[in-house]
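Structure first, then comments.
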Amino acid sequence: MADDGLAPPHPLARGCVRALSAPEPLLRDAQLGRAGIADLVSNTNPIAGGPLAHYPRAIPIELQARFAAFLATDGGEADIRAENVMFTEGSSAAIDLLVRTFCEPGRDRVCVCTPTFPLYERAASAAGVDVVPVALGGAQFERLDVDGLVAAAPKLTFVCSPNNPVGTSPVAADLEAVLRSLPGFVIVDEAYVEFAGRPSAVALTTRFPRLVVLRTFSKAWGLAGVRAGAAIGERGVLDTLRLVQPPYAFGRPAQQMSPSGSPRPR
Ligand SMILES: Cc1ncc(COP(=O)(O)O)c(C=O)c1O
């Protein structure tokens, strides 16, 4: 681990990202937590502002720990810790961050398993990254084209489970085959997992370090206006995303309103 408390940048990150040092707010966070140290460098106005006058925790570690504990019990998911959770402004922000952190424009490719949520393609296109659509198979779009994905050699592959707009989840064996075969990252977007009668892919993150699972509080939890979501994965991957995420992106209201420790809505 580096002096700044973050894991070293992931070797698959873009070169320009690997060259970044930790954002200053992340370094300050730890110091400001110590008794007797006042924040005189943020240029905020604690007299006028009330409870929202101060920047939020840059890394809301207690919230991460609560959500990790929830994930570890919800559906029997294994060994998920605070360091395996990163909060974002909805899962949309995580999709964007993943592309910008790991995909080199003009060189890397993003695969989308179509038909699917259009934001994956949009985020890649906006970053100048080529998109390869790989069609889902099966009568209900439940089969991943493992060979097609391997042939496309993507840096990132987005798998939506359950999938917007078709509602089905990929066959578990296909997902495992993809995780075993692809050298890049596989992003499983579980925006609608609370509506699925299937186990989450979160438990697989402990076996597959290039798997990132996305969750959102916008859907079943009924909190779309809060803009809160989470990426779950290996610490080195998440800490690399933190190099690119704007400082304080997960605001104080979102930290306060995030129901991270609550039982799952039914
Ligand atoms: C599959 C899927 N992923 C992600 C999102 C974005 O959710 P959020 O509100 O967390 O940005 C949506 C929203 O419609 C969605 O359908």
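Naming scheme: A, B, ... for chains in displayed order of the structure tokens; residues 1 onward per chain; ligands 1 onward as shown.
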Taking only residues of chain A that have an atom at most 6 Å from an atom of ligand 1, what is each one's shortest atom pair and its distance in Å to one decimal, using only C-alpha atoms and all ligand atoms, in chain and number order, as a Markdown table?
| residue | atom | partner | partner_atom_place_in_ligand_line | distance |
| --- | --- | --- | --- | --- |
| A:Gly90 | CA | ligand 1 | 10 (O) | 3.3 |
| A:Ser91 | CA | ligand 1 | 10 (O) | 3.7 |
| A:Ser92 | CA | ligand 1 | 11 (O) | 3.7 |
| A:Phe117 | CA | ligand 1 | 1 (C) | 5.3 |
| A:Cys160 | CA | ligand 1 | 1 (C) | 5.9 |
| A:Asn164 | CA | ligand 1 | 1 (C) | 5.1 |
| A:Asp189 | CA | ligand 1 | 3 (N) | 5.9 |
| A:Ala191 | CA | ligand 1 | 3 (N) | 5.0 |
| A:Thr216 | CA | ligand 1 | 10 (O) | 4.3 |
| A:Ser218 | CA | ligand 1 | 9 (O) | 4.7 |
| A:Ala224 | CA | ligand 1 | 9 (O) | 5.5 |
| A:Gly229 | CA | ligand 1 | 10 (O) | 5.2 |
Could you give me, as a Markdown table, a per-residue list for segment 140-186 of chain A showing, wherever an atom lies at most 6 Å from an atom of segment 95-116 of chain A, the closest pair of atoms and their distance in Å to one decimal, using only C-alpha atoms and sorting by chain then residue number from low to high?
| residue | atom | partner | partner_atom | distance |
| --- | --- | --- | --- | --- |
| A:Pro154 | CA | A:Arg109 | CA | 4.8 |
| A:Lys155 | CA | A:Arg109 | CA | 5.6 |
| A:Leu156 | CA | A:Val110 | CA | 4.9 |
| A:Thr157 | CA | A:Cys111 | CA | 4.6 |
| A:Phe158 | CA | A:Val112 | CA | 5.3 |
| A:Asn164 | CA | A:Thr116 | CA | 5.6 |
I'd like the contact shell of Glu89 of chain A - 6 Å cut-off, only C-alpha atoms, skipping same-chain residues fewer than 2 positions apart - returned as a PyMOL selection string. chain A and resi 93+227-229+250
Compare A:Ala220, A:Val146, A:Ala231, A:Val41 by their minimum atom-to-atom distance to Ile187 of chain A, counting only C-alpha atoms, and give me the closest one. A:Ala231
Can you tell me, as a PyMOL selection string, what residues are no more than 7 Å from Gly233 of chain A when counting only C-alpha atoms, ignoring any on the same chain fewer than 6 positions away? chain A and resi 84-85+205+209+211-213
